[in-house]
file my_file-v4.cif (mmCIF, C-alpha atoms and all ligand atoms)
data_coords
loop_
_atom_site.label_atom_id
_atom_site.label_comp_id
_atom_site.auth_asym_id
_atom_site.auth_seq_id
_atom_site.Cartn_x
_atom_site.Cartn_y
_atom_site.Cartn_z
CA MET A 1 -83.23 24.14 17.22
CA GLU A 2 -79.86 23.20 15.72
CA GLN A 3 -77.80 20.12 16.20
CA ARG A 4 -74.67 20.65 18.24
CA PHE A 5 -71.53 20.56 16.16
CA LYS A 6 -68.87 18.55 17.93
CA SER A 7 -65.53 18.99 16.21
CA LEU A 8 -67.05 19.79 12.86
CA SER A 9 -65.09 18.27 10.00
CA LEU A 10 -64.86 20.03 6.65
CA PHE A 11 -66.91 17.20 5.19
CA GLU A 12 -69.72 17.73 7.72
CA PHE A 13 -69.52 21.46 7.30
CA GLN A 14 -69.99 21.16 3.56
CA GLY A 15 -72.89 18.81 4.06
CA ARG A 16 -74.57 21.23 6.42
CA PHE A 17 -73.89 24.31 4.29
CA PRO A 18 -74.01 23.25 0.66
CA ASP A 19 -75.16 26.58 -0.75
CA GLU A 20 -75.92 30.23 -0.12
CA HIS A 21 -79.49 29.62 0.98
CA SER A 22 -78.59 27.13 3.71
CA CYS A 23 -76.28 29.77 5.22
CA VAL A 24 -78.77 32.62 5.04
CA LYS A 25 -81.42 30.37 6.56
CA TYR A 26 -79.07 29.45 9.37
CA LEU A 27 -78.51 33.15 10.09
CA ALA A 28 -82.23 33.93 9.98
CA ASP A 29 -83.08 31.01 12.29
CA MET A 30 -80.44 32.08 14.77
CA LYS A 31 -81.28 35.77 14.64
CA TRP A 32 -85.03 35.40 15.00
CA SER A 33 -85.02 32.21 17.07
CA THR A 34 -86.63 33.82 20.10
CA CYS A 35 -88.74 36.59 18.69
CA TYR A 36 -89.09 39.15 15.95
CA SER A 37 -89.20 42.85 16.64
CA CYS A 38 -89.20 45.42 13.84
CA LYS A 39 -86.01 47.54 13.87
CA LYS A 40 -87.94 50.61 12.75
CA CYS A 41 -91.18 50.57 14.74
CA GLY A 42 -90.80 47.74 17.25
CA HIS A 43 -93.84 45.83 15.95
CA GLY A 44 -93.78 42.14 16.77
CA HIS A 45 -95.22 40.61 13.60
CA SER A 46 -93.67 40.01 10.23
CA CYS A 47 -94.31 38.33 6.92
CA LYS A 48 -91.97 37.14 4.21
CA GLY A 49 -89.94 39.83 2.47
CA LYS A 50 -88.65 39.96 -1.09
CA SER A 51 -85.77 37.52 -0.70
CA PRO A 52 -86.40 34.07 0.83
CA GLU A 53 -85.20 34.73 4.38
CA ASP A 54 -86.04 38.45 4.64
CA ARG A 55 -88.69 39.57 7.09
CA GLN A 56 -91.10 42.41 6.47
CA CYS A 57 -92.90 44.26 9.23
CA THR A 58 -96.65 43.93 8.83
CA ARG A 59 -97.18 47.43 10.20
CA CYS A 60 -94.55 49.74 8.65
CA ARG A 61 -93.51 47.40 5.80
CA TYR A 62 -89.80 47.71 6.71
CA ILE A 63 -87.78 44.86 5.26
CA GLU A 64 -84.89 43.39 7.18
CA SER A 65 -82.37 40.86 5.89
CA ALA A 66 -80.87 38.04 7.91
CA LYS A 67 -77.47 39.74 7.72
CA ALA A 68 -78.67 43.12 9.02
CA GLY A 69 -77.59 44.05 12.51
CA THR A 70 -74.96 41.29 12.67
CA LEU A 71 -71.27 41.16 11.79
CA PHE A 72 -72.33 39.82 8.39
CA GLN A 73 -73.91 43.16 7.57
CA GLY A 74 -72.13 44.91 4.71
CA CYS A 75 -70.45 41.68 3.59
CA LYS A 76 -69.94 42.16 -0.15
CA PHE A 77 -69.31 38.53 -1.04
CA SER A 78 -71.49 35.46 -0.58
CA VAL A 79 -72.58 34.42 2.91
CA LEU A 80 -71.38 30.93 1.99
CA LYS A 81 -67.78 32.18 1.65
CA ALA A 82 -68.16 34.19 4.85
CA PHE A 83 -69.21 30.96 6.61
CA TYR A 84 -66.08 29.25 5.30
CA ILE A 85 -63.97 32.00 6.84
CA VAL A 86 -65.67 31.56 10.23
CA TYR A 87 -65.22 27.82 9.87
CA TYR A 88 -61.49 27.97 9.11
CA VAL A 89 -60.74 30.61 11.74
CA SER A 90 -62.54 28.66 14.47
CA THR A 91 -61.49 25.11 13.65
CA ASN A 92 -57.88 25.43 12.42
CA LYS A 93 -55.65 24.87 15.39
CA ASN A 94 -53.49 27.89 14.62
CA GLY A 95 -56.05 29.91 12.74
CA ILE A 96 -55.62 30.88 9.10
CA SER A 97 -54.02 33.84 7.36
CA SER A 98 -55.91 36.13 5.01
CA THR A 99 -53.51 35.09 2.23
CA GLU A 100 -54.48 31.48 2.65
CA LEU A 101 -58.16 32.34 2.85
CA SER A 102 -57.77 34.34 -0.34
CA ARG A 103 -56.31 31.31 -2.12
CA LYS A 104 -58.93 28.90 -0.82
CA LEU A 105 -61.96 31.07 -1.50
CA ALA A 106 -60.92 33.05 -4.60
CA LEU A 107 -61.41 36.39 -2.86
CA ARG A 108 -59.01 39.31 -2.67
CA GLN A 109 -56.57 39.12 0.23
CA LYS A 110 -57.70 42.49 1.53
CA THR A 111 -61.32 41.36 1.48
CA CYS A 112 -60.42 38.29 3.52
CA TRP A 113 -58.31 40.34 5.92
CA LEU A 114 -61.17 42.72 6.51
CA PHE A 115 -63.78 40.06 7.14
CA LYS A 116 -61.38 38.14 9.34
CA GLN A 117 -61.01 41.27 11.46
CA LYS A 118 -64.76 41.13 11.99
CA VAL A 119 -64.54 37.50 13.03
CA MET A 120 -61.77 38.46 15.45
CA LYS A 121 -64.05 41.10 16.90
CA ALA A 122 -66.52 38.35 17.71
CA MET A 123 -63.73 36.41 19.40
CA LYS A 124 -63.14 39.11 21.99
CA SER A 125 -63.66 37.87 25.54
CA SER A 126 -67.03 38.67 27.06
CA GLY A 127 -65.44 38.90 30.52
CA ASN A 128 -68.28 36.76 31.82
CA PHE A 129 -66.09 33.92 33.04
CA PRO A 130 -63.40 35.32 35.32
CA MET A 131 -60.53 33.04 36.31
CA ASP A 132 -60.56 31.22 39.61
CA GLY A 133 -58.23 29.01 41.65
CA LYS A 134 -54.53 29.22 40.82
CA VAL A 135 -53.89 32.28 38.71
CA ALA A 136 -50.61 33.90 37.66
CA VAL A 137 -50.19 37.37 36.19
CA ASP A 138 -47.24 39.01 34.46
CA GLU A 139 -46.47 41.42 31.65
CA MET A 140 -44.87 40.66 28.32
CA TYR A 141 -43.38 42.94 25.71
CA VAL A 142 -44.18 42.61 22.07
CA GLY A 143 -42.18 44.34 19.37
CA GLY A 144 -38.99 46.31 19.75
CA GLN A 145 -35.43 45.57 18.62
CA ASP A 146 -34.90 42.15 20.09
CA ASP A 147 -38.31 40.70 19.46
CA GLN A 148 -39.06 39.15 16.11
CA ALA A 149 -42.73 38.73 16.92
CA ILE A 150 -43.35 41.99 15.12
CA GLY A 151 -41.50 43.59 12.21
CA ARG A 152 -38.89 45.92 13.58
CA ASN A 153 -40.10 48.97 11.78
CA GLU A 154 -43.64 48.64 12.93
CA GLY A 155 -43.28 50.96 15.85
CA ARG A 156 -42.57 50.85 19.49
CA LYS A 157 -42.78 48.03 21.94
CA LYS A 158 -46.16 47.22 23.35
CA ILE A 159 -46.80 46.10 26.90
CA VAL A 160 -49.27 43.29 27.33
CA VAL A 161 -50.55 42.02 30.67
CA VAL A 162 -51.15 38.26 30.66
CA SER A 163 -52.92 35.98 33.10
CA ILE A 164 -53.21 32.21 33.19
CA GLU A 165 -55.40 29.87 35.20
CA LYS A 166 -53.96 26.54 36.22
CA GLN A 167 -55.89 23.32 36.41
CA GLY A 168 -54.02 20.25 37.54
CA LYS A 169 -50.75 20.19 35.64
CA GLY A 170 -51.96 22.20 32.70
CA ILE A 171 -53.16 25.66 31.90
CA SER A 172 -56.90 25.86 31.48
CA ARG A 173 -57.24 29.41 30.24
CA MET A 174 -55.39 32.61 29.43
CA TYR A 175 -56.32 36.24 28.95
CA ALA A 176 -54.23 39.18 27.80
CA ARG A 177 -54.63 42.89 27.19
CA VAL A 178 -52.48 45.56 25.57
CA ILE A 179 -51.87 48.33 28.11
CA LYS A 180 -50.24 51.74 27.72
CA THR A 181 -48.07 51.42 30.82
CA ALA A 182 -47.66 48.79 33.52
CA SER A 183 -49.31 51.08 36.03
CA LYS A 184 -51.36 49.90 38.97
CA GLU A 185 -54.56 51.25 37.38
CA ASN A 186 -54.03 49.37 34.12
CA LEU A 187 -52.99 46.10 35.75
CA GLN A 188 -55.81 46.31 38.27
CA GLY A 189 -58.38 47.10 35.55
CA PHE A 190 -57.40 44.01 33.60
CA MET A 191 -57.34 41.80 36.70
CA LYS A 192 -60.75 42.96 37.89
CA ASP A 193 -62.22 42.13 34.49
CA HIS A 194 -60.75 38.64 34.24
CA ILE A 195 -59.99 37.29 37.72
CA LYS A 196 -62.32 36.46 40.59
CA PRO A 197 -61.53 38.25 43.87
CA GLU A 198 -61.17 34.95 45.75
CA ALA A 199 -58.60 33.51 43.33
CA ASN A 200 -55.09 32.67 44.47
CA VAL A 201 -53.24 35.21 42.41
CA ARG A 202 -49.45 35.17 42.03
CA THR A 203 -47.47 38.06 40.61
CA ASP A 204 -43.89 39.25 40.78
CA ARG A 205 -42.80 42.10 43.00
CA TRP A 206 -43.45 44.86 40.46
CA ALA A 207 -44.83 47.97 42.22
CA GLY A 208 -47.91 47.96 39.99
CA TYR A 209 -49.19 44.87 41.83
CA LYS A 210 -48.74 46.46 45.25
CA GLY A 211 -51.77 47.31 47.34
CA LEU A 212 -54.26 45.03 45.57
CA GLU A 213 -55.06 43.03 48.73
CA LYS A 214 -58.45 44.68 49.01
CA GLU A 215 -59.53 43.45 45.58
CA PHE A 216 -57.62 40.16 45.77
CA PRO A 217 -57.19 39.07 49.42
CA HIS A 218 -55.15 35.97 48.48
CA ILE A 219 -52.66 37.75 46.25
CA VAL A 220 -49.01 36.74 46.71
CA ARG A 221 -46.22 38.87 45.32
CA GLU A 222 -43.20 36.69 44.77
CA LYS A 223 -39.69 37.64 43.91
CA SER A 224 -39.19 36.59 40.32
CA GLU A 225 -36.40 34.04 40.12
CA LYS A 226 -33.81 34.06 37.38
CA LYS A 227 -35.43 33.59 33.97
CA GLY A 228 -38.81 33.42 35.65
CA LYS A 229 -38.22 29.94 37.06
CA ASN A 230 -41.15 30.25 39.45
CA PHE A 231 -43.47 31.35 36.66
CA THR A 232 -42.62 28.61 34.17
CA ASP A 233 -46.16 27.91 32.98
CA LEU A 234 -46.91 31.53 32.38
CA HIS A 235 -43.68 32.08 30.49
CA ARG A 236 -44.16 28.97 28.39
CA CYS A 237 -47.60 30.30 27.54
CA ILE A 238 -46.12 33.65 26.52
CA MET A 239 -43.47 31.94 24.37
CA MET A 240 -46.11 29.90 22.58
CA PHE A 241 -48.17 32.99 21.92
CA LYS A 242 -45.16 34.86 20.55
CA ALA A 243 -44.22 31.95 18.32
CA TRP A 244 -47.73 31.99 16.87
CA LEU A 245 -47.65 35.77 16.49
CA ARG A 246 -44.40 35.59 14.53
CA GLY A 247 -46.19 33.50 11.95
CA VAL A 248 -49.17 35.78 11.35
CA HIS A 249 -47.40 38.90 10.01
CA HIS A 250 -49.64 41.45 11.52
CA SER A 251 -49.47 45.13 12.22
CA VAL A 252 -48.78 46.20 15.77
CA LYS A 253 -51.88 48.38 15.53
CA HIS A 254 -54.11 45.34 15.62
CA LEU A 255 -52.22 43.46 18.33
CA GLN A 256 -55.25 43.26 20.63
CA SER A 257 -57.33 41.62 17.88
CA TYR A 258 -54.67 38.94 17.42
CA ILE A 259 -54.54 38.41 21.18
CA ASP A 260 -58.32 38.01 21.19
CA GLU A 261 -58.16 35.49 18.35
CA TYR A 262 -55.41 33.45 19.98
CA THR A 263 -56.96 33.39 23.46
CA TYR A 264 -60.40 32.57 22.08
CA ARG A 265 -59.12 29.34 20.54
CA PHE A 266 -56.72 28.61 23.40
CA ASN A 267 -59.51 28.83 25.98
CA ARG A 268 -61.66 26.45 23.99
CA HIS A 269 -59.14 23.73 23.24
CA GLN A 270 -61.17 21.34 25.37
CA MET A 271 -64.54 22.64 24.30
CA LYS A 272 -66.91 19.79 23.67
CA VAL A 273 -69.74 21.75 22.14
CA GLY A 274 -69.09 23.22 18.77
CA ILE A 275 -66.64 26.05 18.59
CA PHE A 276 -67.97 26.94 15.13
CA GLU A 277 -71.49 27.32 16.43
CA ASN A 278 -70.25 29.35 19.40
CA LEU A 279 -68.42 31.76 17.12
CA MET A 280 -71.38 31.94 14.78
CA THR A 281 -73.66 32.94 17.67
CA ARG A 282 -71.22 35.71 18.54
CA MET A 283 -71.13 36.85 14.90
CA VAL A 284 -74.92 37.20 14.94
CA LYS A 285 -75.12 38.87 18.34
CA ASN A 286 -72.32 41.37 17.72
CA ALA A 287 -73.31 44.74 16.30
CA PRO A 288 -72.10 45.33 12.74
CA CYS A 289 -68.82 47.12 12.18
CA THR A 290 -67.60 49.11 9.25
CA TYR A 291 -64.32 49.20 7.38
CA LYS A 292 -63.57 52.55 9.01
CA MET A 293 -64.11 51.14 12.51
CA ILE A 294 -61.59 48.41 11.79
CA ILE A 295 -58.77 50.48 10.33
CA THR A 296 -58.93 53.30 12.86
ZN ZN B 301 -92.15 48.11 11.53
#
call {"tool": "encode", "arguments": {"input": "my_file-v4.cif", "output": "structure tokens"}}
result
Amino acid sequence: MEQRFKSLSLFEFQGRFPDEHSCVKYLADMKWSTCYSCKKCGHGHSCKGKSPEDRQCTRCRYIESAKAGTLFQGCKFSVLKAFYIVYYVSTNKNGISSTELSRKLALRQKTCWLFKQKVMKAMKSSGNFPMDGKVAVDEMYVGGQDDQAIGRNEGRKKIVVVSIEKQGKGISRMYARVIKTASKENLQGFMKDHIKPEANVRTDRWAGYKGLEKEFPHIVREKSEKKGKNFTDLHRCIMMFKAWLRGVHHSVKHLQSYIDEYTYRFNRHQMKVGIFENLMTRMVKNAPCTYKMIIT
């Protein structure tokens, strides 16, 4: 249906989406690409609605917009500007702050922040591609007195469990999750969601990783050397993440969203098919979320 966007330049993006209608049409095409089914009565046939890309059920006359039922629902500004936000968030190597978005798009900073939170929701890992091969797991701490990754007055330290998958000399992917405590249950829950049972998992000797041989038969618990010398890749990964986090000035409350944003881009640094299109598909497939859902 659509051309694949390989590293989409701003120039190409603007050519593809010159105005509001081209964006709404893109949404409608993506949303109803397979079939139409009325949200109210389930009827399978529609005709044109009031606005160009709306669909109206031929049985109950219910009109549905292209934005409805997606993360674009409730968006108070133009879909064109919303597309720009998705574009910048997905294609900028380090992402983009709401302040910068506000400047670029002439929208209020809070408006940009809010919509970006929705984009970040779409960036959350599906858990469909668990790690395999050489995997390392450890915890990191974010916040607290000695960590500048988060403003000092923003509350207590947070524990985050991190895993990386190695491929050759590099790291192919990473996942991370904020956990309440480094208990066996929490660590195991994360690992089961993101790591294949047959993977060669390495952890340190922390008690929370004890007794996981049933789930991960090849698990090796190694004594952590001074300054984590035997977990260099993992710790470099954590340092890079923290350096990025320092620059985004976020609230500790939304730490998981920032982790999701960071890992989404990190795991797609070699992606050949368009990252913009991938994120856009997720935006359309994700159920809408309200302001209240984001701030609580
Ligand atoms: Zn209907």
call {"tool": "residues_around", "arguments": {"input": "my_file-v4.cif", "residues": "range 99-106 of chain A", "least_positions_apart": "3", "cutoff": "9 Å", "atoms": "all atoms listed in the file", "output": "mmCIF file with C-alpha atoms, in the coordinates of the input"}}
result
data_model
loop_
_atom_site.group_PDB
_atom_site.id
_atom_site.type_symbol
_atom_site.label_atom_id
_atom_site.label_comp_id
_atom_site.auth_asym_id
_atom_site.auth_seq_id
_atom_site.Cartn_x
_atom_site.Cartn_y
_atom_site.Cartn_z
ATOM 1 C CA LYS A 81 -67.780 32.180 1.650
ATOM 2 C CA TYR A 84 -66.080 29.250 5.300
ATOM 3 C CA ILE A 85 -63.970 32.000 6.840
ATOM 4 C CA TYR A 88 -61.490 27.970 9.110
ATOM 5 C CA ILE A 96 -55.620 30.880 9.100
ATOM 6 C CA GLN A 109 -56.570 39.120 0.230
ATOM 7 C CA LYS A 110 -57.700 42.490 1.530
ATOM 8 C CA THR A 111 -61.320 41.360 1.480
ATOM 9 C CA CYS A 112 -60.420 38.290 3.520
ATOM 10 C CA TRP A 113 -58.310 40.340 5.920
#
call {"tool": "closest_atom_pairs", "arguments": {"input": "my_file-v4.cif", "of": "chain A", "to": "ligand ZN 301 (chain B)", "cutoff": "10 Å", "atoms": "all atoms listed in the file", "output": "CSV"}}
result
residue,atom,partner,partner_atom,distance
A:Ser37,CA,B:ZN301,ZN,7.9
A:Cys38,CA,B:ZN301,ZN,4.6
A:Lys39,CA,B:ZN301,ZN,6.6
A:Lys40,CA,B:ZN301,ZN,5.0
A:Cys41,CA,B:ZN301,ZN,4.2
A:Gly42,CA,B:ZN301,ZN,5.9
A:His43,CA,B:ZN301,ZN,5.3
A:Gly44,CA,B:ZN301,ZN,8.1
A:His45,CA,B:ZN301,ZN,8.4
A:Ser46,CA,B:ZN301,ZN,8.3
A:Gln56,CA,B:ZN301,ZN,7.7
A:Cys57,CA,B:ZN301,ZN,4.5
A:Thr58,CA,B:ZN301,ZN,6.7
A:Arg59,CA,B:ZN301,ZN,5.2
A:Cys60,CA,B:ZN301,ZN,4.1
A:Arg61,CA,B:ZN301,ZN,5.9
A:Tyr62,CA,B:ZN301,ZN,5.4
A:Ile63,CA,B:ZN301,ZN,8.3
A:Glu64,CA,B:ZN301,ZN,9.7
call {"tool": "atom_distance", "arguments": {"input": "my_file-v4.cif", "atom1": "CA of Leu8 in chain A", "atom2": "CA of Asp29 in chain A"}}
result
19.6 Å
call {"tool": "closest_residue", "arguments": {"input": "my_file-v4.cif", "among": "A:Met174, A:Val142, A:Leu187, A:Met283", "to": "Ile159 in chain A", "atoms": "only C-alpha atoms"}}
result
A:Val142
call {"tool": "axis_aligned_box", "arguments": {"input": "my_file-v4.cif", "around": "range 10-13 of chain A", "padding_each_side": "6 Å", "output": "JSON"}}
result
{"center_x": -67.3, "center_y": 19.3, "center_z": 6.5, "size_x": 16.9, "size_y": 16.3, "size_z": 14.5}
call {"tool": "residues_around", "arguments": {"input": "my_file-v4.cif", "residues": "range 190-206 of chain A", "least_positions_apart": "3", "cutoff": "8 Å", "atoms": "all atoms listed in the file", "output": "PyMOL selection string"}}
result
chain A and resi 127+129-138+161+175+177+186-187+209-210+215-224
call {"tool": "atom_distance", "arguments": {"input": "my_file-v4.cif", "atom1": "CA of Gln73 in chain A", "atom2": "CA of Cys289 in chain A"}}
result
7.9 Å
call {"tool": "atom_distance", "arguments": {"input": "my_file-v4.cif", "atom1": "CA of Arg16 in chain A", "atom2": "CA of Pro288 in chain A"}}
result
25.0 Å
call {"tool": "residues_around", "arguments": {"input": "my_file-v4.cif", "residues": "Ser65 in chain A", "least_positions_apart": "4", "cutoff": "9 Å", "atoms": "only C-alpha atoms", "output": "MDAnalysis selection string"}}
result
chainID A and resid 28 49 51 53:56 69 73
call {"tool": "closest_residue", "arguments": {"input": "my_file-v4.cif", "among": "A:Leu107, A:Ala82, A:Met120, A:Ala182", "to": "Tyr258 in chain A", "atoms": "all atoms listed in the file"}}
result
A:Met120
call {"tool": "closest_residue", "arguments": {"input": "my_file-v4.cif", "among": "A:Glu185, A:Leu234, A:Met140, A:Leu80", "to": "Lys166 in chain A", "atoms": "all atoms listed in the file"}}
result
A:Leu234
call {"tool": "closest_residue", "arguments": {"input": "my_file-v4.cif", "among": "A:Phe72, A:Tyr264, A:Phe17, A:Tyr26", "to": "Leu279 in chain A", "atoms": "only C-alpha atoms"}}
result
A:Tyr264
call {"tool": "closest_residue", "arguments": {"input": "my_file-v4.cif", "among": "A:Asn267, A:Arg282, A:Ser163, A:Ser183", "to": "Phe231 in chain A", "atoms": "all atoms listed in the file"}}
result
A:Ser163
call {"tool": "closest_residue", "arguments": {"input": "my_file-v4.cif", "among": "A:Gln167, A:Thr181, A:Asn94, A:Gln117", "to": "Tyr141 in chain A", "atoms": "all atoms listed in the file"}}
result
A:Thr181
call {"tool": "residues_around", "arguments": {"input": "my_file-v4.cif", "residues": "Ser172 in chain A", "least_positions_apart": "3", "cutoff": "9 Å", "atoms": "only C-alpha atoms", "output": "list in words"}}
result
Ile164, Glu165, Lys166, Gln167, Gly168, Phe266, Asn267, Arg268, His269 and Gln270 of chain A
